[in-house]
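**Student:** I'm passing along run.csv; it holds CSV, C-alpha atoms.
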```csv
chain,number,residue,atom,x,y,z
A,24,MET,CA,0.0,0.0,0.0
A,25,THR,CA,1.3,3.4,-1.0
A,26,VAL,CA,-0.4,6.7,-0.3
A,27,LEU,CA,-1.0,8.7,-3.5
A,28,TYR,CA,-3.1,11.6,-2.2
A,29,GLU,CA,-4.4,12.7,1.2
A,30,ASP,CA,-6.1,15.7,2.8
A,31,ASN,CA,-8.5,16.2,5.7
A,32,HIS,CA,-11.4,14.5,4.0
A,33,ILE,CA,-10.0,11.8,1.7
A,34,ILE,CA,-7.1,9.5,1.3
A,35,ILE,CA,-6.2,7.7,-2.0
A,36,VAL,CA,-3.9,4.7,-1.9
A,37,ASN,CA,-2.3,2.3,-4.4
A,38,LYS,CA,-3.4,-1.2,-3.5
A,39,SER,CA,-1.0,-4.0,-4.2
A,40,VAL,CA,-2.0,-7.4,-5.5
A,41,SER,CA,-3.4,-9.7,-2.7
A,42,GLU,CA,-4.4,-6.9,-0.4
A,43,ILE,CA,-8.1,-6.9,0.5
A,44,VAL,CA,-10.0,-3.7,0.7
A,45,GLN,CA,-12.4,-4.8,3.5
A,46,GLY,CA,-12.3,-7.8,5.9
A,47,ASP,CA,-13.6,-11.1,4.6
A,48,LYS,CA,-13.9,-14.7,5.6
A,49,THR,CA,-10.1,-15.2,5.1
A,50,GLY,CA,-9.5,-13.2,8.2
A,51,ASP,CA,-6.6,-11.4,6.5
A,52,ARG,CA,-5.8,-7.9,7.6
A,53,PRO,CA,-7.7,-5.6,5.3
A,54,LEU,CA,-6.4,-2.5,3.6
A,55,SER,CA,-8.9,-0.3,5.5
A,56,GLU,CA,-7.2,-1.3,8.8
A,57,ILE,CA,-3.7,-0.7,7.4
A,58,VAL,CA,-4.8,2.8,6.3
A,59,LYS,CA,-6.3,3.5,9.7
A,60,ASP,CA,-3.0,2.6,11.4
A,61,TYR,CA,-1.1,4.8,9.0
A,62,ILE,CA,-3.4,7.8,9.8
A,63,LYS,CA,-3.3,7.0,13.6
A,64,GLU,CA,0.5,7.0,13.5
A,65,LYS,CA,1.1,9.9,11.2
A,66,TYR,CA,-1.3,12.3,12.9
A,67,ASN,CA,-0.8,10.9,16.4
A,68,LYS,CA,-4.5,10.3,16.7
A,69,PRO,CA,-5.8,8.8,20.0
A,70,GLY,CA,-8.8,6.4,20.0
A,71,ASN,CA,-10.6,5.1,17.0
A,72,VAL,CA,-9.8,6.5,13.5
A,73,PHE,CA,-12.7,7.1,11.2
A,74,LEU,CA,-12.3,5.6,7.7
A,75,GLY,CA,-15.1,5.0,5.2
A,76,VAL,CA,-14.9,2.5,2.3
A,77,THR,CA,-16.3,4.1,-0.8
A,78,HIS,CA,-15.7,1.4,-3.4
A,79,ARG,CA,-13.8,-1.9,-3.8
A,80,LEU,CA,-11.1,-3.6,-5.9
A,81,ASP,CA,-10.9,-7.3,-6.4
A,82,ARG,CA,-8.2,-8.9,-4.3
A,83,PRO,CA,-5.9,-9.9,-7.3
A,84,THR,CA,-6.2,-6.5,-8.8
A,85,SER,CA,-3.8,-3.6,-8.1
A,86,GLY,CA,-4.3,0.2,-8.2
A,87,ILE,CA,-6.3,3.1,-6.9
A,88,VAL,CA,-8.6,2.8,-3.9
A,89,VAL,CA,-10.4,5.9,-2.4
A,90,PHE,CA,-11.3,6.1,1.3
A,91,ALA,CA,-13.2,8.8,3.1
A,92,ARG,CA,-11.5,10.3,6.2
A,93,THR,CA,-14.6,12.1,7.5
A,94,SER,CA,-18.3,11.4,8.0
A,95,LYS,CA,-18.9,14.5,5.9
A,96,ALA,CA,-17.0,13.1,2.8
A,97,LEU,CA,-18.3,9.5,3.0
A,98,PRO,CA,-21.9,9.9,1.9
A,99,ARG,CA,-21.0,12.4,-0.7
A,100,LEU,CA,-18.3,10.1,-2.2
A,101,ASN,CA,-20.8,7.1,-2.0
A,102,GLU,CA,-23.3,9.2,-4.0
A,103,MET,CA,-20.7,10.2,-6.5
A,104,PHE,CA,-19.6,6.6,-7.2
A,105,LYS,CA,-23.3,5.6,-7.4
A,106,ASN,CA,-24.1,8.5,-9.9
A,107,LYS,CA,-21.0,7.7,-12.0
A,108,GLU,CA,-19.5,11.1,-11.2
A,109,VAL,CA,-16.1,9.4,-10.7
A,110,SER,CA,-14.1,8.7,-13.8
A,111,LYS,CA,-12.0,5.5,-13.5
A,112,THR,CA,-9.5,4.2,-16.0
A,113,TYR,CA,-8.0,0.7,-15.8
A,114,TRP,CA,-5.0,-1.0,-17.6
A,115,ALA,CA,-5.3,-4.6,-18.5
A,116,VAL,CA,-2.7,-6.9,-20.0
A,117,VAL,CA,-4.1,-9.6,-22.3
A,118,LYS,CA,-2.4,-12.2,-24.4
A,119,ASN,CA,-4.8,-12.2,-27.3
A,120,ARG,CA,-5.3,-9.0,-29.3
A,121,PRO,CA,-8.9,-8.0,-29.7
A,122,LYS,CA,-10.3,-8.1,-33.2
A,123,GLN,CA,-10.7,-4.4,-33.1
A,124,ASP,CA,-8.1,-2.2,-31.5
A,125,GLU,CA,-10.8,0.1,-30.0
A,126,GLY,CA,-14.4,-0.4,-29.2
A,127,ALA,CA,-17.3,-0.7,-26.7
A,128,LEU,CA,-18.4,-4.0,-25.1
A,129,LYS,CA,-22.0,-4.5,-24.1
A,130,HIS,CA,-23.0,-7.6,-22.3
A,131,TYR,CA,-25.5,-8.9,-19.7
A,132,LEU,CA,-23.8,-10.2,-16.6
A,133,VAL,CA,-25.2,-12.9,-14.3
A,134,ARG,CA,-23.4,-13.2,-11.0
A,135,ASN,CA,-22.9,-16.7,-9.5
A,136,GLU,CA,-22.4,-16.1,-5.7
A,137,LYS,CA,-21.3,-19.6,-5.0
A,138,GLN,CA,-18.5,-19.5,-7.6
A,139,ASN,CA,-17.8,-15.8,-7.0
A,140,LYS,CA,-17.9,-15.4,-10.7
A,141,SER,CA,-19.9,-13.6,-13.3
A,142,TYR,CA,-21.0,-14.9,-16.7
A,143,ALA,CA,-21.5,-12.6,-19.8
A,144,TYR,CA,-24.3,-13.0,-22.3
A,145,ASP,CA,-25.1,-11.1,-25.5
A,146,VAL,CA,-28.8,-11.1,-24.7
A,147,GLU,CA,-30.6,-10.3,-21.5
A,148,LYS,CA,-31.1,-13.2,-19.1
A,149,PRO,CA,-33.0,-13.5,-15.8
A,150,ASN,CA,-31.2,-11.6,-13.0
A,151,SER,CA,-28.7,-10.2,-15.5
A,152,LYS,CA,-27.3,-6.7,-15.3
A,153,LEU,CA,-26.3,-4.6,-18.2
A,154,ALA,CA,-22.5,-4.1,-18.4
A,155,ILE,CA,-20.8,-1.6,-20.7
A,156,LEU,CA,-17.1,-0.7,-21.0
A,157,HIS,CA,-14.9,1.0,-23.6
A,158,TYR,CA,-11.4,-0.2,-24.4
A,159,LYS,CA,-8.5,0.9,-26.5
A,160,LEU,CA,-5.2,-0.9,-27.4
A,161,ILE,CA,-2.5,1.5,-26.2
A,162,ALA,CA,0.7,-0.7,-26.4
A,163,HIS,CA,1.8,-4.2,-27.3
A,164,SER,CA,4.9,-6.5,-27.0
A,165,ASP,CA,5.7,-9.7,-28.8
A,166,LYS,CA,3.4,-11.7,-26.5
A,167,TYR,CA,1.1,-9.3,-24.8
A,168,ASN,CA,-1.3,-6.4,-25.4
A,169,LEU,CA,-2.0,-3.5,-23.1
A,170,LEU,CA,-5.6,-2.2,-23.1
A,171,GLU,CA,-6.9,0.9,-21.5
A,172,VAL,CA,-10.4,0.4,-20.2
A,173,ASP,CA,-13.0,2.9,-19.1
A,174,LEU,CA,-16.1,1.6,-17.3
A,175,GLU,CA,-19.6,2.9,-18.0
A,176,THR,CA,-21.1,0.5,-15.4
A,177,GLY,CA,-19.6,-1.0,-12.3
A,178,ARG,CA,-20.5,-4.7,-12.2
A,179,HIS,CA,-19.0,-7.7,-10.3
A,180,HIS,CA,-15.8,-8.7,-12.1
A,181,GLN,CA,-16.9,-6.7,-15.1
A,182,ILE,CA,-13.6,-6.1,-16.9
A,183,ARG,CA,-12.4,-9.6,-16.2
A,184,CYS,CA,-15.6,-11.2,-17.4
A,185,GLN,CA,-16.2,-9.0,-20.5
A,186,LEU,CA,-12.6,-9.3,-21.8
A,187,SER,CA,-12.7,-13.0,-21.3
A,188,LYS,CA,-16.0,-13.1,-23.3
A,189,ILE,CA,-14.3,-11.6,-26.4
A,190,GLY,CA,-11.4,-14.1,-26.1
A,191,CYS,CA,-9.0,-11.8,-24.3
A,192,PRO,CA,-8.7,-13.1,-20.7
A,193,ILE,CA,-6.4,-11.0,-18.5
A,194,LYS,CA,-2.9,-12.3,-17.9
A,195,GLY,CA,-2.9,-14.5,-14.7
A,196,ASP,CA,-6.7,-14.6,-14.4
A,197,LEU,CA,-7.3,-18.4,-14.2
A,198,LYS,CA,-10.9,-17.9,-13.1
A,199,TYR,CA,-11.7,-16.2,-16.5
A,200,GLY,CA,-9.7,-18.3,-18.9
A,201,ALA,CA,-6.0,-17.4,-18.6
A,202,GLU,CA,-3.6,-20.3,-19.3
A,203,ARG,CA,-1.5,-19.9,-16.2
A,204,SER,CA,-1.4,-17.9,-13.0
A,205,ASN,CA,1.1,-15.2,-12.2
A,206,PRO,CA,3.8,-16.0,-9.6
A,207,ASP,CA,2.3,-13.5,-7.1
A,208,GLY,CA,-1.2,-14.9,-7.5
A,209,GLY,CA,-2.5,-11.6,-8.9
A,210,ILE,CA,-3.8,-10.6,-12.3
A,211,ASN,CA,-2.6,-8.0,-14.7
A,212,LEU,CA,-5.5,-5.6,-14.1
A,213,HIS,CA,-4.6,-2.2,-12.6
A,214,ALA,CA,-6.8,0.7,-11.5
A,215,ARG,CA,-4.6,3.3,-13.2
A,216,LYS,CA,-6.3,6.6,-13.0
A,217,ILE,CA,-9.2,8.3,-11.2
A,218,SER,CA,-10.6,11.8,-11.5
A,219,PHE,CA,-13.5,13.5,-9.7
A,220,ILE,CA,-14.6,16.7,-8.1
A,221,HIS,CA,-13.6,16.8,-4.4
A,222,PRO,CA,-16.7,16.3,-2.3
A,223,VAL,CA,-15.9,19.1,0.1
A,224,SER,CA,-13.4,21.6,-1.6
A,225,LYS,CA,-15.0,21.1,-5.0
A,226,GLU,CA,-11.5,21.1,-6.6
A,227,LYS,CA,-10.8,18.6,-9.4
A,228,ILE,CA,-8.7,15.7,-8.1
A,229,GLU,CA,-6.9,13.5,-10.6
A,230,VAL,CA,-4.6,10.7,-9.4
A,231,VAL,CA,-2.5,8.2,-11.4
A,232,ALA,CA,-1.2,5.0,-9.7
A,233,PRO,CA,2.2,3.7,-10.7
A,234,VAL,CA,2.1,0.1,-12.0
A,235,PRO,CA,3.3,-2.9,-9.8
A,236,GLU,CA,7.0,-3.7,-9.6
A,237,ASP,CA,6.9,-6.2,-12.4
A,238,ASN,CA,9.0,-6.3,-15.6
A,239,LEU,CA,6.1,-6.6,-18.0
A,240,TRP,CA,4.2,-3.8,-16.3
A,241,LYS,CA,7.2,-1.5,-16.1
A,242,ALA,CA,8.1,-2.1,-19.8
A,243,PHE,CA,4.5,-1.2,-20.8
A,244,GLU,CA,4.5,1.9,-18.6
A,245,LYS,CA,7.6,3.2,-20.4
A,246,THR,CA,6.1,2.8,-23.8
A,247,VAL,CA,2.9,4.6,-23.2
```
Rewrite the structure of this file - the entire thing - as structure tokens.
**Tutor:**
Amino acid sequence: MTVLYEDNHIIIVNKSVSEIVQGDKTGDRPLSEIVKDYIKEKYNKPGNVFLGVTHRLDRPTSGIVVFARTSKALPRLNEMFKNKEVSKTYWAVVKNRPKQDEGALKHYLVRNEKQNKSYAYDVEKPNSKLAILHYKLIAHSDKYNLLEVDLETGRHHQIRCQLSKIGCPIKGDLKYGAERSNPDGGINLHARKISFIHPVSKEKIEVVAPVPEDNLWKAFEKTV
């Protein structure tokens, strides 16, 4: 975890692969607790530290996570995420090049809770939710392709599921069709950039998260 931005009301961090945003059944220490400890220590705060979770990132995904530091900022940020007033850009490394280098993907996603997996369909199904994203090929190497992805909707495993549906599973993502896992157990999906109007000061905030310390990621970051 690295802090990318902080003020009195919000803190934005760069989550590493394997960190969980909120506590789950694994019992592993969540990112929210790590950030609380950081605030407590840095500002010498006695007692409990307030920290509100505004959105989540899948465990094997790296990149930007925004937390609220005050009870004033939390409901406003929650509302902004809900109303799509927060612009999020992801980078995804895939082995197979999409048929078109740029485009929009529209599917209907059905979530299977037991498998913790979503399935994409071209037509509406019972209990399905519409999922839309826009992608663009921004770099490629001999073996891999780097896609920039902008989400129009925020569904469970949306990017992983939709890219897999068009034959472009994300590197390391065994759950959605990758051939092999990554050594660190993560996947090559990174929440790269976020921009929004600050919920209290009303200034524009734009933050970019450096990619993980990995040769393939670093090589791509240099070429873009």
**Student:** Which polymer residues, whether protein, DNA or RNA, lie within 10 Å of the coordinate (-18.2, 10.5, -13.1) when you count all atoms listed in the file? List them as an MDAnalysis selection string, using the chain letters and numbers from the file.
**Tutor:** chainID A and resid 103:111 175 217:220
**Student:** Could you list, as a list in words, every residue within 6 Å of segment 31-39 of chain A, counting all atoms listed in the file and ignoring same-chain residues fewer than 2 positions away?
**Tutor:**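 That gives Met24, Thr25, Val26, Leu27, Tyr28, Glu29, Glu42, Ser85, Gly86, Ile87, Val88, Val89, Phe90, Ala91, Arg92, Thr93 and Ala96 of chain A.
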**Student:** Any chance you could export the current selection's C-alpha atoms as a PDB file, in the coordinates of the input?
**Tutor:**
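In the end it all went to selection-v3.pdb:
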```pdb
ATOM      1  CA  MET A  24       0.000   0.000   0.000  1.00  0.00           C
ATOM      2  CA  THR A  25       1.300   3.400  -1.000  1.00  0.00           C
ATOM      3  CA  VAL A  26      -0.400   6.700  -0.300  1.00  0.00           C
ATOM      4  CA  LEU A  27      -1.000   8.700  -3.500  1.00  0.00           C
ATOM      5  CA  TYR A  28      -3.100  11.600  -2.200  1.00  0.00           C
ATOM      6  CA  GLU A  29      -4.400  12.700   1.200  1.00  0.00           C
ATOM      7  CA  GLU A  42      -4.400  -6.900  -0.400  1.00  0.00           C
ATOM      8  CA  SER A  85      -3.800  -3.600  -8.100  1.00  0.00           C
ATOM      9  CA  GLY A  86      -4.300   0.200  -8.200  1.00  0.00           C
ATOM     10  CA  ILE A  87      -6.300   3.100  -6.900  1.00  0.00           C
ATOM     11  CA  VAL A  88      -8.600   2.800  -3.900  1.00  0.00           C
ATOM     12  CA  VAL A  89     -10.400   5.900  -2.400  1.00  0.00           C
ATOM     13  CA  PHE A  90     -11.300   6.100   1.300  1.00  0.00           C
ATOM     14  CA  ALA A  91     -13.200   8.800   3.100  1.00  0.00           C
ATOM     15  CA  ARG A  92     -11.500  10.300   6.200  1.00  0.00           C
ATOM     16  CA  THR A  93     -14.600  12.100   7.500  1.00  0.00           C
ATOM     17  CA  ALA A  96     -17.000  13.100   2.800  1.00  0.00           C
TER      18      ALA A  96
END
```
**Student:** Provide the atom CA of Ser41 of chain A to atom CA of Pro83 of chain A distance in Å, to one decimal place.
**Tutor:**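 Computing it gives 5.2 Å between the two atoms.
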**Student:** Could the residues of segment 132-185 of chain A that have an atom at most 9 Å from segment 222-243 of chain A be listed as CSV, each with its closest atom pair and the distance in Å to one decimal, counting only C-alpha atoms and ordered by chain and ascending residue number?
**Tutor:**
```
residue,atom,partner,partner_atom,distance
A:Ala162,CA,A:Phe243,CA,6.8
A:His163,CA,A:Phe243,CA,7.7
A:Ser164,CA,A:Phe243,CA,8.2
A:Tyr167,CA,A:Leu239,CA,8.9
A:Leu169,CA,A:Phe243,CA,7.3
```
**Student:** What does the distance from atom CA of Gly190 of chain A to atom CA of Gly208 of chain A come to in Å, to one decimal?
**Tutor:**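 Rounded to one decimal, the two atoms are 21.2 Å apart.
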**Student:** Within 12 Å of Gly46 of chain A, counting all atoms listed in the file, which residues qualify if same-chain residues fewer than 3 places away don't, as number ranges by chain?
**Tutor:** A: 42-43, 49-57, 76, 79, 82
**Student:** Export, as a PDB file, in the coordinates of the input, the selected residues with C-alpha atoms.
**Tutor:**
```pdb
ATOM      1  CA  GLU A  42      -4.400  -6.900  -0.400  1.00  0.00           C
ATOM      2  CA  ILE A  43      -8.100  -6.900   0.500  1.00  0.00           C
ATOM      3  CA  THR A  49     -10.100 -15.200   5.100  1.00  0.00           C
ATOM      4  CA  GLY A  50      -9.500 -13.200   8.200  1.00  0.00           C
ATOM      5  CA  ASP A  51      -6.600 -11.400   6.500  1.00  0.00           C
ATOM      6  CA  ARG A  52      -5.800  -7.900   7.600  1.00  0.00           C
ATOM      7  CA  PRO A  53      -7.700  -5.600   5.300  1.00  0.00           C
ATOM      8  CA  LEU A  54      -6.400  -2.500   3.600  1.00  0.00           C
ATOM      9  CA  SER A  55      -8.900  -0.300   5.500  1.00  0.00           C
ATOM     10  CA  GLU A  56      -7.200  -1.300   8.800  1.00  0.00           C
ATOM     11  CA  ILE A  57      -3.700  -0.700   7.400  1.00  0.00           C
ATOM     12  CA  VAL A  76     -14.900   2.500   2.300  1.00  0.00           C
ATOM     13  CA  ARG A  79     -13.800  -1.900  -3.800  1.00  0.00           C
ATOM     14  CA  ARG A  82      -8.200  -8.900  -4.300  1.00  0.00           C
TER      15      ARG A  82
END
```
**Student:** Looking at A:Lys245, A:Val40, A:Leu156, A:Ile193, which one is nearest to Asp207 of chain A, with distances taken over all atoms listed in the file?
**Tutor:**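 The shortest atom-to-atom distance to Asp207 of chain A comes from A:Val40.
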**Student:** Give me the residues within 7 Å of segment 114-125 of chain A as a JSON list (two decimals) with C-alpha atoms, keeping the file's coordinate frame, counting all atoms listed in the file and dropping any in the same chain fewer than 2 places off.
**Tutor:**
```json
[["chain", "number", "residue", "atom", "x", "y", "z"],
["A", 158, "TYR", "CA", -11.40, -0.20, -24.40],
["A", 159, "LYS", "CA", -8.50, 0.90, -26.50],
["A", 160, "LEU", "CA", -5.20, -0.90, -27.40],
["A", 166, "LYS", "CA", 3.40, -11.70, -26.50],
["A", 167, "TYR", "CA", 1.10, -9.30, -24.80],
["A", 168, "ASN", "CA", -1.30, -6.40, -25.40],
["A", 169, "LEU", "CA", -2.00, -3.50, -23.10],
["A", 170, "LEU", "CA", -5.60, -2.20, -23.10],
["A", 171, "GLU", "CA", -6.90, 0.90, -21.50],
["A", 172, "VAL", "CA", -10.40, 0.40, -20.20],
["A", 190, "GLY", "CA", -11.40, -14.10, -26.10],
["A", 191, "CYS", "CA", -9.00, -11.80, -24.30],
["A", 192, "PRO", "CA", -8.70, -13.10, -20.70],
["A", 193, "ILE", "CA", -6.40, -11.00, -18.50],
["A", 194, "LYS", "CA", -2.90, -12.30, -17.90],
["A", 211, "ASN", "CA", -2.60, -8.00, -14.70],
["A", 212, "LEU", "CA", -5.50, -5.60, -14.10],
["A", 213, "HIS", "CA", -4.60, -2.20, -12.60],
["A", 214, "ALA", "CA", -6.80, 0.70, -11.50],
["A", 215, "ARG", "CA", -4.60, 3.30, -13.20]]
```
**Student:** Between atom CA of Thr112 of chain A and atom CA of Asp173 of chain A, what is the distance, to one decimal in Å?
**Tutor:** 4.9 Å
**Student:** Report as a PyMOL selection string all protein, DNA and RNA residues lying within 6 Å of Val133 of chain A, evaluated on all atoms listed in the file, omitting residues in the same chain fewer than 6 positions from it.
**Tutor:** chain A and resi 141-142+151
**Student:** For Gln181 of chain A, work out the shell of residues within 9 Å, counting only C-alpha atoms and skipping chain neighbours fewer than 3 positions away, then give it as a CSV table (one decimal) with C-alpha atoms, keeping the file's coordinate frame.
**Tutor:**
```
chain,number,residue,atom,x,y,z
A,132,LEU,CA,-23.8,-10.2,-16.6
A,141,SER,CA,-19.9,-13.6,-13.3
A,143,ALA,CA,-21.5,-12.6,-19.8
A,154,ALA,CA,-22.5,-4.1,-18.4
A,155,ILE,CA,-20.8,-1.6,-20.7
A,156,LEU,CA,-17.1,-0.7,-21.0
A,174,LEU,CA,-16.1,1.6,-17.3
A,176,THR,CA,-21.1,0.5,-15.4
A,177,GLY,CA,-19.6,-1.0,-12.3
A,178,ARG,CA,-20.5,-4.7,-12.2
A,184,CYS,CA,-15.6,-11.2,-17.4
A,185,GLN,CA,-16.2,-9.0,-20.5
A,186,LEU,CA,-12.6,-9.3,-21.8
```
**Student:** For Ala127 of chain A, which of A:Arg99, A:His157, A:Ala201, A:Asn150 is the closest residue, counting all atoms listed in the file?
**Tutor:**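 Nearest to Ala127 of chain A: A:His157.
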**Student:** Let me make sure I understand: among A:Leu197, A:Val146, A:Leu74, A:Ile161, which one has the smallest atom-to-atom distance to Glu244 of chain A if we use only C-alpha atoms?
**Tutor:** A:Ile161
**Student:** Restore N, CA and C atoms in segment 32-62 of chain A and list the result as a PDB file, keeping the file's coordinate frame.
**Tutor:**
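Below you can see part.pdb, which holds the result:
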```
ATOM      1  N   HIS A  32     -10.150  15.213   4.261  1.00  0.00           N
ATOM      2  CA  HIS A  32     -11.400  14.500   4.000  1.00  0.00           C
ATOM      3  C   HIS A  32     -11.249  13.157   3.277  1.00  0.00           C
ATOM      4  N   ILE A  33     -10.203  13.039   2.456  1.00  0.00           N
ATOM      5  CA  ILE A  33     -10.000  11.800   1.700  1.00  0.00           C
ATOM      6  C   ILE A  33      -8.587  11.317   1.696  1.00  0.00           C
ATOM      7  N   ILE A  34      -8.426  10.033   1.474  1.00  0.00           N
ATOM      8  CA  ILE A  34      -7.100   9.500   1.300  1.00  0.00           C
ATOM      9  C   ILE A  34      -7.178   8.449   0.150  1.00  0.00           C
ATOM     10  N   ILE A  35      -6.235   8.549  -0.789  1.00  0.00           N
ATOM     11  CA  ILE A  35      -6.200   7.700  -2.000  1.00  0.00           C
ATOM     12  C   ILE A  35      -4.940   6.856  -1.932  1.00  0.00           C
ATOM     13  N   VAL A  36      -5.073   5.546  -2.017  1.00  0.00           N
ATOM     14  CA  VAL A  36      -3.900   4.700  -1.900  1.00  0.00           C
ATOM     15  C   VAL A  36      -3.771   3.784  -3.169  1.00  0.00           C
ATOM     16  N   ASN A  37      -2.559   3.287  -3.370  1.00  0.00           N
ATOM     17  CA  ASN A  37      -2.300   2.300  -4.400  1.00  0.00           C
ATOM     18  C   ASN A  37      -2.221   0.950  -3.816  1.00  0.00           C
ATOM     19  N   LYS A  38      -3.246   0.173  -4.058  1.00  0.00           N
ATOM     20  CA  LYS A  38      -3.400  -1.200  -3.500  1.00  0.00           C
ATOM     21  C   LYS A  38      -2.450  -2.145  -4.228  1.00  0.00           C
ATOM     22  N   SER A  39      -1.764  -2.982  -3.489  1.00  0.00           N
ATOM     23  CA  SER A  39      -1.000  -4.000  -4.200  1.00  0.00           C
ATOM     24  C   SER A  39      -1.801  -5.283  -4.317  1.00  0.00           C
ATOM     25  N   VAL A  40      -1.341  -6.131  -5.220  1.00  0.00           N
ATOM     26  CA  VAL A  40      -2.000  -7.400  -5.500  1.00  0.00           C
ATOM     27  C   VAL A  40      -2.048  -8.174  -4.131  1.00  0.00           C
ATOM     28  N   SER A  41      -3.120  -8.880  -3.898  1.00  0.00           N
ATOM     29  CA  SER A  41      -3.400  -9.700  -2.700  1.00  0.00           C
ATOM     30  C   SER A  41      -3.935  -8.979  -1.512  1.00  0.00           C
ATOM     31  N   GLU A  42      -3.824  -7.642  -1.486  1.00  0.00           N
ATOM     32  CA  GLU A  42      -4.400  -6.900  -0.400  1.00  0.00           C
ATOM     33  C   GLU A  42      -5.959  -6.881  -0.566  1.00  0.00           C
ATOM     34  N   ILE A  43      -6.688  -7.034   0.537  1.00  0.00           N
ATOM     35  CA  ILE A  43      -8.100  -6.900   0.500  1.00  0.00           C
ATOM     36  C   ILE A  43      -8.587  -5.590   0.997  1.00  0.00           C
ATOM     37  N   VAL A  44      -9.586  -4.998   0.342  1.00  0.00           N
ATOM     38  CA  VAL A  44     -10.000  -3.700   0.700  1.00  0.00           C
ATOM     39  C   VAL A  44     -10.757  -3.711   2.078  1.00  0.00           C
ATOM     40  N   GLN A  45     -11.647  -4.683   2.215  1.00  0.00           N
ATOM     41  CA  GLN A  45     -12.400  -4.800   3.500  1.00  0.00           C
ATOM     42  C   GLN A  45     -12.233  -6.259   3.992  1.00  0.00           C
ATOM     43  N   GLY A  46     -12.461  -6.430   5.278  1.00  0.00           N
ATOM     44  CA  GLY A  46     -12.300  -7.800   5.900  1.00  0.00           C
ATOM     45  C   GLY A  46     -13.261  -8.773   5.231  1.00  0.00           C
ATOM     46  N   ASP A  47     -12.800 -10.011   5.098  1.00  0.00           N
ATOM     47  CA  ASP A  47     -13.600 -11.100   4.600  1.00  0.00           C
ATOM     48  C   ASP A  47     -13.413 -12.369   5.350  1.00  0.00           C
ATOM     49  N   LYS A  48     -13.944 -13.465   4.844  1.00  0.00           N
ATOM     50  CA  LYS A  48     -13.900 -14.700   5.600  1.00  0.00           C
ATOM     51  C   LYS A  48     -12.448 -15.281   5.734  1.00  0.00           C
ATOM     52  N   THR A  49     -11.494 -14.745   4.951  1.00  0.00           N
ATOM     53  CA  THR A  49     -10.100 -15.200   5.100  1.00  0.00           C
ATOM     54  C   THR A  49      -9.505 -14.794   6.414  1.00  0.00           C
ATOM     55  N   GLY A  50     -10.061 -13.710   6.969  1.00  0.00           N
ATOM     56  CA  GLY A  50      -9.500 -13.200   8.200  1.00  0.00           C
ATOM     57  C   GLY A  50      -8.224 -12.418   8.035  1.00  0.00           C
ATOM     58  N   ASP A  51      -7.806 -12.210   6.773  1.00  0.00           N
ATOM     59  CA  ASP A  51      -6.600 -11.400   6.500  1.00  0.00           C
ATOM     60  C   ASP A  51      -6.815  -9.964   6.854  1.00  0.00           C
ATOM     61  N   ARG A  52      -5.754  -9.310   7.227  1.00  0.00           N
ATOM     62  CA  ARG A  52      -5.800  -7.900   7.600  1.00  0.00           C
ATOM     63  C   ARG A  52      -6.201  -7.043   6.402  1.00  0.00           C
ATOM     64  N   PRO A  53      -7.338  -6.331   6.446  1.00  0.00           N
ATOM     65  CA  PRO A  53      -7.700  -5.600   5.300  1.00  0.00           C
ATOM     66  C   PRO A  53      -7.016  -4.228   5.123  1.00  0.00           C
ATOM     67  N   LEU A  54      -7.028  -3.729   3.920  1.00  0.00           N
ATOM     68  CA  LEU A  54      -6.400  -2.500   3.600  1.00  0.00           C
ATOM     69  C   LEU A  54      -6.972  -1.321   4.441  1.00  0.00           C
ATOM     70  N   SER A  55      -8.275  -1.371   4.710  1.00  0.00           N
ATOM     71  CA  SER A  55      -8.900  -0.300   5.500  1.00  0.00           C
ATOM     72  C   SER A  55      -8.243  -0.200   6.889  1.00  0.00           C
ATOM     73  N   GLU A  56      -7.861  -1.342   7.482  1.00  0.00           N
ATOM     74  CA  GLU A  56      -7.200  -1.300   8.800  1.00  0.00           C
ATOM     75  C   GLU A  56      -5.759  -0.801   8.687  1.00  0.00           C
ATOM     76  N   ILE A  57      -5.093  -1.154   7.593  1.00  0.00           N
ATOM     77  CA  ILE A  57      -3.700  -0.700   7.400  1.00  0.00           C
ATOM     78  C   ILE A  57      -3.697   0.833   7.221  1.00  0.00           C
ATOM     79  N   VAL A  58      -4.683   1.357   6.478  1.00  0.00           N
ATOM     80  CA  VAL A  58      -4.800   2.800   6.300  1.00  0.00           C
ATOM     81  C   VAL A  58      -5.108   3.511   7.593  1.00  0.00           C
ATOM     82  N   LYS A  59      -5.991   2.913   8.382  1.00  0.00           N
ATOM     83  CA  LYS A  59      -6.300   3.500   9.700  1.00  0.00           C
ATOM     84  C   LYS A  59      -5.073   3.601  10.569  1.00  0.00           C
ATOM     85  N   ASP A  60      -4.269   2.552  10.564  1.00  0.00           N
ATOM     86  CA  ASP A  60      -3.000   2.600  11.400  1.00  0.00           C
ATOM     87  C   ASP A  60      -2.082   3.660  10.875  1.00  0.00           C
ATOM     88  N   TYR A  61      -2.010   3.816   9.568  1.00  0.00           N
ATOM     89  CA  TYR A  61      -1.100   4.800   9.000  1.00  0.00           C
ATOM     90  C   TYR A  61      -1.581   6.238   9.447  1.00  0.00           C
ATOM     91  N   ILE A  62      -2.901   6.505   9.416  1.00  0.00           N
ATOM     92  CA  ILE A  62      -3.400   7.800   9.800  1.00  0.00           C
ATOM     93  C   ILE A  62      -3.186   8.024  11.339  1.00  0.00           C
TER      94      ILE A  62
END
```
